[in-house]
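Below: model-v2.tsv (TSV, C-alpha atoms)
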```
chain	number	residue	atom	x	y	z
A	137	MET	CA	6.52	9.23	-20.12
A	138	THR	CA	8.26	12.32	-21.44
A	139	ALA	CA	11.36	13.81	-19.84
A	140	ASP	CA	9.39	16.79	-18.49
A	141	THR	CA	6.76	14.65	-16.76
A	142	SER	CA	6.57	15.15	-13.00
A	143	PHE	CA	4.21	14.16	-10.22
A	144	VAL	CA	2.83	15.66	-7.04
A	145	LEU	CA	1.40	13.35	-4.41
A	146	ARG	CA	-0.93	15.03	-1.96
A	147	TYR	CA	-1.39	13.32	1.37
A	148	PHE	CA	-0.94	13.75	5.09
A	149	ASP	CA	2.55	13.55	6.56
A	150	LEU	CA	2.16	9.92	7.63
A	151	ILE	CA	2.34	6.41	6.14
A	152	GLY	CA	-1.38	5.75	5.74
A	153	ARG	CA	-2.95	5.09	2.35
A	154	ALA	CA	-0.27	6.81	0.26
A	155	GLU	CA	2.69	4.55	1.00
A	156	GLY	CA	2.06	2.28	-1.98
A	157	ALA	CA	2.07	5.31	-4.28
A	158	ARG	CA	5.27	6.63	-2.71
A	159	LEU	CA	6.98	3.30	-3.22
A	160	LEU	CA	5.85	3.04	-6.83
A	161	LEU	CA	6.92	6.59	-7.66
A	162	THR	CA	10.30	5.87	-6.09
A	163	ALA	CA	10.75	2.48	-7.78
A	164	GLY	CA	9.69	4.02	-11.09
A	165	LYS	CA	12.42	6.68	-10.77
A	166	ALA	CA	9.79	9.35	-11.22
A	167	ASN	CA	10.37	13.05	-10.74
A	168	TRP	CA	7.98	13.58	-7.84
A	169	THR	CA	7.33	15.65	-4.78
A	170	GLU	CA	4.85	15.40	-1.95
A	171	GLU	CA	2.46	18.03	-0.67
A	172	HIS	CA	0.71	17.99	2.69
A	173	PRO	CA	-2.49	20.03	2.29
A	174	GLU	CA	-3.81	21.94	5.26
A	175	TRP	CA	-6.75	19.91	6.54
A	176	PRO	CA	-9.66	20.51	6.54
A	177	ALA	CA	-8.98	23.98	5.10
A	178	GLU	CA	-8.01	22.53	1.69
A	179	LYS	CA	-10.48	19.66	1.72
A	180	ASP	CA	-12.86	21.29	-0.77
A	181	LYS	CA	-9.98	21.79	-3.22
A	182	GLN	CA	-9.58	18.04	-3.70
A	183	PRO	CA	-11.67	16.37	-6.44
A	184	PHE	CA	-13.46	14.00	-4.05
A	185	LYS	CA	-12.67	15.96	-0.89
A	186	ARG	CA	-10.28	13.25	0.29
A	187	LEU	CA	-6.66	12.17	0.00
A	188	PRO	CA	-4.44	10.84	-1.51
A	189	VAL	CA	-4.47	12.74	-4.79
A	190	LEU	CA	-1.93	12.30	-7.59
A	191	VAL	CA	-1.19	15.19	-9.96
A	192	GLU	CA	0.71	14.36	-13.13
A	193	LYS	CA	2.24	17.30	-14.97
A	194	SER	CA	3.61	17.21	-18.51
A	195	GLY	CA	4.46	20.57	-20.00
A	196	GLU	CA	1.38	22.73	-19.55
A	197	ASP	CA	-0.90	19.71	-19.14
A	198	GLU	CA	-2.06	18.58	-15.71
A	199	TRP	CA	-3.94	15.38	-14.96
A	200	ILE	CA	-5.40	14.46	-11.56
A	201	LEU	CA	-6.24	11.04	-10.13
A	202	CYS	CA	-7.77	10.14	-6.77
A	203	GLU	CA	-8.21	7.02	-4.62
A	204	SER	CA	-5.18	5.02	-3.49
A	205	PRO	CA	-6.01	1.75	-5.37
A	206	ALA	CA	-6.52	3.63	-8.65
A	207	ILE	CA	-3.34	5.66	-8.12
A	208	GLU	CA	-1.28	2.57	-7.32
A	209	ARG	CA	-2.48	0.61	-10.33
A	210	TYR	CA	-2.00	3.52	-12.69
A	211	LEU	CA	1.57	4.00	-11.50
A	212	ALA	CA	2.27	0.26	-11.57
A	213	ARG	CA	1.21	0.10	-15.21
A	214	LYS	CA	2.98	3.30	-16.14
A	215	PHE	CA	6.29	2.15	-14.68
A	216	GLY	CA	6.10	-1.47	-15.79
A	217	PHE	CA	5.41	-3.21	-12.47
A	218	PHE	CA	2.40	-5.09	-13.86
A	219	PRO	CA	2.84	-8.13	-16.12
A	220	ALA	CA	1.66	-7.70	-19.71
A	221	ASP	CA	-0.62	-10.73	-19.39
A	222	ILE	CA	-3.99	-9.40	-18.21
A	223	LYS	CA	-4.80	-12.54	-16.25
A	224	GLN	CA	-1.51	-12.38	-14.36
A	225	ALA	CA	-2.11	-8.69	-13.70
A	226	ALA	CA	-5.60	-9.48	-12.42
A	227	GLU	CA	-4.15	-12.00	-9.96
A	228	GLN	CA	-1.94	-9.26	-8.53
A	229	GLU	CA	-4.89	-6.88	-8.27
A	230	GLN	CA	-6.89	-9.62	-6.57
A	231	LEU	CA	-4.25	-9.98	-3.86
A	232	ALA	CA	-4.13	-6.22	-3.33
A	233	GLU	CA	-7.92	-6.12	-2.95
A	234	GLN	CA	-7.74	-8.76	-0.23
A	235	GLN	CA	-5.21	-6.61	1.61
A	236	TYR	CA	-7.47	-3.55	1.33
A	237	ASP	CA	-10.26	-5.64	2.84
A	238	VAL	CA	-8.09	-6.47	5.85
A	239	VAL	CA	-7.34	-2.79	6.44
A	240	LYS	CA	-11.04	-1.93	6.17
A	241	ALA	CA	-11.91	-4.73	8.59
A	242	PHE	CA	-9.35	-3.35	11.06
A	243	PHE	CA	-11.12	0.00	11.17
A	244	ASP	CA	-14.54	-1.64	11.20
A	245	LYS	CA	-13.46	-3.54	14.32
A	246	LEU	CA	-12.57	-0.25	15.99
A	247	LEU	CA	-15.56	1.78	14.89
A	248	VAL	CA	-18.53	-0.47	14.12
A	249	PRO	CA	-20.73	-1.80	16.96
A	250	GLN	CA	-20.23	-5.52	17.62
A	251	GLU	CA	-23.81	-6.45	16.74
A	252	GLN	CA	-23.37	-4.88	13.31
A	253	LEU	CA	-19.96	-6.51	12.78
A	254	GLU	CA	-21.55	-9.94	13.16
A	255	LYS	CA	-23.77	-9.16	10.16
A	256	ILE	CA	-20.93	-8.00	7.91
A	257	GLY	CA	-19.23	-11.37	7.52
A	258	ASP	CA	-15.70	-12.50	8.26
A	259	GLY	CA	-14.04	-10.11	10.67
A	260	PHE	CA	-10.57	-8.67	10.95
A	261	ASP	CA	-8.94	-11.61	12.74
A	262	VAL	CA	-10.18	-14.11	10.16
A	263	LEU	CA	-9.20	-11.92	7.20
A	264	LEU	CA	-5.76	-11.20	8.64
A	265	ASP	CA	-5.02	-14.90	9.11
A	266	ARG	CA	-6.29	-15.62	5.62
A	267	ILE	CA	-4.10	-13.06	3.87
A	268	VAL	CA	-0.98	-14.00	5.83
A	269	GLU	CA	-1.56	-17.64	4.94
A	270	LYS	CA	-1.96	-16.65	1.29
A	271	HIS	CA	1.29	-14.69	1.34
A	272	LEU	CA	3.04	-17.62	2.98
A	273	HIS	CA	1.67	-20.13	0.48
A	274	ILE	CA	2.80	-18.03	-2.50
A	275	LEU	CA	6.25	-17.35	-1.07
A	276	GLU	CA	6.85	-21.00	-0.21
A	277	ASP	CA	6.33	-21.82	-3.91
A	278	SER	CA	8.54	-18.93	-5.08
A	279	SER	CA	12.06	-19.68	-6.29
A	280	HIS	CA	13.12	-16.02	-6.29
A	281	GLY	CA	11.56	-14.71	-3.08
A	282	TYR	CA	9.01	-12.53	-4.88
A	283	LEU	CA	5.26	-13.10	-4.92
A	284	PHE	CA	5.11	-13.35	-8.71
A	285	GLY	CA	7.92	-13.92	-11.15
A	286	ASP	CA	11.61	-13.22	-10.73
A	287	SER	CA	11.57	-9.47	-10.15
A	288	MET	CA	9.74	-6.91	-8.04
A	289	SER	CA	6.17	-6.29	-9.18
A	290	TYR	CA	3.12	-4.34	-8.07
A	291	ALA	CA	2.06	-7.25	-5.86
A	292	ASP	CA	5.35	-7.12	-3.97
A	293	ILE	CA	5.18	-3.37	-3.42
A	294	SER	CA	1.53	-3.55	-2.36
A	295	CYS	CA	2.21	-6.43	0.03
A	296	TYR	CA	5.21	-4.67	1.55
A	297	ALA	CA	3.15	-1.51	2.06
A	298	PHE	CA	0.48	-3.64	3.75
A	299	TYR	CA	2.89	-4.93	6.41
A	300	LYS	CA	4.50	-1.51	6.83
A	301	LEU	CA	1.09	0.01	7.49
A	302	PHE	CA	0.22	-2.48	10.23
A	303	ILE	CA	3.61	-2.57	11.90
A	304	LEU	CA	4.70	1.07	11.71
A	305	TYR	CA	1.52	3.15	11.51
A	306	LEU	CA	-1.69	1.49	12.70
A	307	PRO	CA	-0.44	1.14	16.30
A	308	VAL	CA	-1.50	4.79	16.68
A	309	TYR	CA	-5.06	3.41	16.60
A	310	GLN	CA	-4.46	0.13	18.42
A	311	PRO	CA	-1.13	-0.05	20.28
A	312	ASP	CA	-0.82	-3.84	20.20
A	313	ILE	CA	-1.64	-4.37	16.51
A	314	ALA	CA	2.02	-4.41	15.46
A	315	ASN	CA	2.73	-7.25	17.87
A	316	VAL	CA	-0.36	-9.11	16.65
A	317	VAL	CA	0.84	-8.94	13.04
A	318	ILE	CA	4.50	-9.58	13.84
A	319	SER	CA	3.54	-12.74	15.71
A	320	LYS	CA	2.15	-14.12	12.44
A	321	ILE	CA	5.17	-13.28	10.30
A	322	THR	CA	7.15	-16.35	9.30
A	323	PRO	CA	10.82	-16.45	8.24
A	324	SER	CA	9.78	-16.50	4.57
A	325	ILE	CA	7.64	-13.37	4.97
A	326	SER	CA	10.42	-11.68	6.92
A	327	ALA	CA	12.87	-12.56	4.14
A	328	PHE	CA	10.43	-11.14	1.59
A	329	ILE	CA	10.19	-7.85	3.48
A	330	SER	CA	13.98	-7.65	3.64
A	331	LEU	CA	14.20	-8.42	-0.09
A	332	ILE	CA	11.89	-5.54	-0.97
A	333	GLU	CA	13.62	-3.09	1.37
A	334	SER	CA	17.03	-4.00	-0.06
A	335	ASN	CA	15.94	-3.66	-3.68
A	336	PRO	CA	18.20	-1.03	-5.27
A	337	LEU	CA	15.17	0.91	-6.49
A	338	LEU	CA	13.79	1.26	-2.95
A	339	ALA	CA	16.78	0.98	-0.61
A	340	PRO	CA	17.55	4.74	-0.56
A	341	TYR	CA	13.90	5.53	0.25
A	342	VAL	CA	13.81	2.90	3.00
A	343	ALA	CA	17.01	4.31	4.47
A	344	GLU	CA	15.35	7.72	4.80
A	345	SER	CA	12.06	6.39	6.16
A	346	LYS	CA	11.10	3.75	8.69
A	347	SER	CA	12.27	0.18	8.09
A	348	VAL	CA	9.98	-2.78	8.68
A	349	THR	CA	12.98	-5.10	8.91
A	350	ALA	CA	14.39	-2.99	11.73
A	351	ALA	CA	11.05	-3.18	13.56
A	352	LEU	CA	10.99	-6.97	13.18
A	353	SER	CA	14.48	-7.29	14.66
A	354	LYS	CA	13.60	-5.51	17.90
```

Show how you would write the structure in this file as structure tokens.
Amino acid sequence: MTADTSFVLRYFDLIGRAEGARLLLTAGKANWTEEHPEWPAEKDKQPFKRLPVLVEKSGEDEWILCESPAIERYLARKFGFFPADIKQAAEQEQLAEQQYDVVKAFFDKLLVPQEQLEKIGDGFDVLLDRIVEKHLHILEDSSHGYLFGDSMSYADISCYAFYKLFILYLPVYQPDIANVVISKITPSISAFISLIESNPLLAPYVAESKSVTAALSK
């Protein structure tokens, strides 16, 4: 990345699907700003008519990327938050995909008729329990408090964004969802969240935004 490289993240002024990208841009010490397009007036100006959108600028060159998973993984690789080993990197992507599935299942539960949900497969409650158990299992075997290795990685940032989404944003759709998720958080997961929020790369950002640790202590 050259010294004149900068980024613009386009999204709504809320946590939503862009929080992972915000955290990665911050942790990567990128020169970045955020734009909040007028919606739906500027919808047709976006490559896939949806947000988030990442714009990378380097000199006169401009490169655009869409879709939150693609944006997150690009930034994670660019800023060194993925391991060099492709199998280890794939394990981190696998965990992130499971978290995306839980978020999708949450909205399916709200929007899809019950008779159709029964045909889809495991529902939100099952998937939520499964991912929390997976997080717990990994953290119990961790000697440094991180999900993988001895320093903050993409998996940690993605996992933290997952809990932040459910605890601090999704209650606008289902008021009790934060309490549902918080009831499943163990001391080791709580310590993990605190570890990520206190990381020197993210602490200033957390101080200016909403803290999950503060919500857990209420």

Using Å and a single decimal, report how far atom CA of Phe298 of chain A sits from atom CA of Lys320 of chain A.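 Computing the Euclidean distance for atom CA of Lys320 of chain A and atom CA of Phe298 of chain A yields 13.7 Å.
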
For each of A:Val348, A:Met288, A:Val308, A:Leu145, take the minimum atom-to-atom distance to Ile329 of chain A, counting all atoms listed in the file, then give the residue where this is smallest.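 Among the listed residues, the smallest separation from Ile329 of chain A belongs to A:Val348.
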
Wanna dump the segment 207-235 of chain A-segment 265-285 of chain A contacts at 9 Å for me, each residue with its shortest atom pair and the distance in Å to one decimal, counting only C-alpha atoms, ordered by chain and number, as a tab-separated table?
```
residue	atom	partner	partner_atom	distance
A:Gln224	CA	A:Phe284	CA	8.8
A:Gln228	CA	A:Phe284	CA	8.2
A:Leu231	CA	A:Ile267	CA	8.3
A:Gln234	CA	A:Ile267	CA	7.0
A:Gln235	CA	A:Ile267	CA	6.9
```

If I take atom CA of Asn167 of chain A and atom CA of Ser142 of chain A, how far is one from the other in Å, to one decimal? 4.9 Å

Write out as number ranges by chain which residues come within 6 Å of segment 207-214 of chain A when counting all atoms listed in the file, dropping same-chain ones fewer than 4 positions away. A: 157, 218, 290

List as a list in words: which residues have an atom within 10 Å of (2.5, 7.7, 7.0), counting all atoms listed in the file?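 Residues found, by chain and rising number: Tyr147, Phe148, Asp149, Leu150, Ile151, Gly152, Arg153, Ala154, Glu155, Lys300, Leu301, Leu304, Tyr305, Leu306, Ser345 and Lys346 of chain A.
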
With C-alpha atoms kept, could you save the residues just selected as a PDB file, in the frame of the given file?
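result06.pdb was written with the following content:
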```pdb
ATOM      1  CA  TYR A 147      -1.390  13.320   1.370  1.00  0.00           C
ATOM      2  CA  PHE A 148      -0.940  13.750   5.090  1.00  0.00           C
ATOM      3  CA  ASP A 149       2.550  13.550   6.560  1.00  0.00           C
ATOM      4  CA  LEU A 150       2.160   9.920   7.630  1.00  0.00           C
ATOM      5  CA  ILE A 151       2.340   6.410   6.140  1.00  0.00           C
ATOM      6  CA  GLY A 152      -1.380   5.750   5.740  1.00  0.00           C
ATOM      7  CA  ARG A 153      -2.950   5.090   2.350  1.00  0.00           C
ATOM      8  CA  ALA A 154      -0.270   6.810   0.260  1.00  0.00           C
ATOM      9  CA  GLU A 155       2.690   4.550   1.000  1.00  0.00           C
ATOM     10  CA  LYS A 300       4.500  -1.510   6.830  1.00  0.00           C
ATOM     11  CA  LEU A 301       1.090   0.010   7.490  1.00  0.00           C
ATOM     12  CA  LEU A 304       4.700   1.070  11.710  1.00  0.00           C
ATOM     13  CA  TYR A 305       1.520   3.150  11.510  1.00  0.00           C
ATOM     14  CA  LEU A 306      -1.690   1.490  12.700  1.00  0.00           C
ATOM     15  CA  SER A 345      12.060   6.390   6.160  1.00  0.00           C
ATOM     16  CA  LYS A 346      11.100   3.750   8.690  1.00  0.00           C
TER      17      LYS A 346
END
```

Skipping near chain neighbours, those fewer than 2 positions away, what residues fall within 12 Å of segment 171-173 of chain A using only C-alpha atoms, listed as a ChimeraX atom specification? /A:143-150,154,158,168-169,175-182,185-191

Atomic distance atom CA of Gly259 of chain A - atom CA of Pro307 of chain A, expressed in Å with one decimal: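 Going from atom CA of Gly259 of chain A over to atom CA of Pro307 of chain A covers 18.5 Å.
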
Shortest contact to Asp286 of chain A, candidates A:Pro336, A:Pro219, A:Pro249, A:Pro183, atoms counted only C-alpha atoms, goes to A:Pro219

Proximity to Ser326 of chain A - best of A:Val342, A:Leu159, A:Ala350, A:Leu247, only C-alpha atoms: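 The closest residue to Ser326 of chain A is A:Ala350.
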
Name the residues, using the chain letters and numbers of the file, that sit within 10 Å of (14.2, -3.1, -1.9) when counting only C-alpha atoms, and give them as JSON, numbers by chain. {"A": [159, 163, 288, 292, 293, 296, 328, 329, 330, 331, 332, 333, 334, 335, 336, 337, 338, 339, 340, 341, 342]}

Between A:Glu344, A:Asp261, A:Glu251, A:Glu233, single out the one closest to Ala291 of chain A, counting only C-alpha atoms.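 Answer, going by the shortest atom-to-atom distance: A:Glu233.
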
Residue completion, segment 207-227 of chain A, N, CA and C atoms, as an mmCIF file, in the frame of the given file:
```cif
data_model
loop_
_atom_site.group_PDB
_atom_site.id
_atom_site.type_symbol
_atom_site.label_atom_id
_atom_site.label_comp_id
_atom_site.auth_asym_id
_atom_site.auth_seq_id
_atom_site.Cartn_x
_atom_site.Cartn_y
_atom_site.Cartn_z
ATOM 1 N N ILE A 207 -4.652 5.034 -7.970
ATOM 2 C CA ILE A 207 -3.340 5.660 -8.120
ATOM 3 C C ILE A 207 -2.257 4.591 -8.216
ATOM 4 N N GLU A 208 -2.297 3.623 -7.325
ATOM 5 C CA GLU A 208 -1.280 2.570 -7.320
ATOM 6 C C GLU A 208 -1.266 1.809 -8.642
ATOM 7 N N ARG A 209 -2.422 1.428 -9.116
ATOM 8 C CA ARG A 209 -2.480 0.610 -10.330
ATOM 9 C C ARG A 209 -2.088 1.407 -11.568
ATOM 10 N N TYR A 210 -2.441 2.671 -11.581
ATOM 11 C CA TYR A 210 -2.000 3.520 -12.690
ATOM 12 C C TYR A 210 -0.481 3.609 -12.712
ATOM 13 N N LEU A 211 0.115 3.879 -11.565
ATOM 14 C CA LEU A 211 1.570 4.000 -11.500
ATOM 15 C C LEU A 211 2.259 2.673 -11.808
ATOM 16 N N ALA A 212 1.680 1.570 -11.315
ATOM 17 C CA ALA A 212 2.270 0.260 -11.570
ATOM 18 C C ALA A 212 2.299 -0.039 -13.066
ATOM 19 N N ARG A 213 1.236 0.313 -13.764
ATOM 20 C CA ARG A 213 1.210 0.100 -15.210
ATOM 21 C C ARG A 213 2.146 1.068 -15.928
ATOM 22 N N LYS A 214 2.160 2.285 -15.485
ATOM 23 C CA LYS A 214 2.980 3.300 -16.140
ATOM 24 C C LYS A 214 4.466 2.964 -16.046
ATOM 25 N N PHE A 215 4.881 2.421 -14.902
ATOM 26 C CA PHE A 215 6.290 2.150 -14.680
ATOM 27 C C PHE A 215 6.678 0.682 -14.882
ATOM 28 N N GLY A 216 5.756 -0.115 -15.409
ATOM 29 C CA GLY A 216 6.100 -1.470 -15.790
ATOM 30 C C GLY A 216 6.167 -2.475 -14.663
ATOM 31 N N PHE A 217 5.407 -2.256 -13.593
ATOM 32 C CA PHE A 217 5.410 -3.210 -12.470
ATOM 33 C C PHE A 217 4.226 -4.178 -12.523
ATOM 34 N N PHE A 218 3.445 -4.107 -13.600
ATOM 35 C CA PHE A 218 2.400 -5.090 -13.860
ATOM 36 C C PHE A 218 2.853 -5.974 -15.011
ATOM 37 N N PRO A 219 2.538 -7.281 -14.972
ATOM 38 C CA PRO A 219 2.840 -8.130 -16.120
ATOM 39 C C PRO A 219 1.959 -7.744 -17.305
ATOM 40 N N ALA A 220 2.431 -8.028 -18.516
ATOM 41 C CA ALA A 220 1.660 -7.700 -19.710
ATOM 42 C C ALA A 220 0.430 -8.582 -19.833
ATOM 43 N N ASP A 221 0.508 -9.797 -19.342
ATOM 44 C CA ASP A 221 -0.620 -10.730 -19.390
ATOM 45 C C ASP A 221 -1.728 -10.232 -18.461
ATOM 46 N N ILE A 222 -2.929 -10.017 -19.007
ATOM 47 C CA ILE A 222 -3.990 -9.400 -18.210
ATOM 48 C C ILE A 222 -4.487 -10.322 -17.101
ATOM 49 N N LYS A 223 -4.387 -11.627 -17.304
ATOM 50 C CA LYS A 223 -4.800 -12.540 -16.250
ATOM 51 C C LYS A 223 -3.810 -12.524 -15.094
ATOM 52 N N GLN A 224 -2.523 -12.471 -15.403
ATOM 53 C CA GLN A 224 -1.510 -12.380 -14.360
ATOM 54 C C GLN A 224 -1.628 -11.054 -13.604
ATOM 55 N N ALA A 225 -1.914 -9.998 -14.346
ATOM 56 C CA ALA A 225 -2.110 -8.690 -13.700
ATOM 57 C C ALA A 225 -3.321 -8.722 -12.781
ATOM 58 N N ALA A 226 -4.395 -9.389 -13.231
ATOM 59 C CA ALA A 226 -5.600 -9.480 -12.420
ATOM 60 C C ALA A 226 -5.353 -10.243 -11.124
ATOM 61 N N GLU A 227 -4.485 -11.247 -11.171
ATOM 62 C CA GLU A 227 -4.150 -12.000 -9.960
ATOM 63 C C GLU A 227 -3.447 -11.097 -8.944
#
```
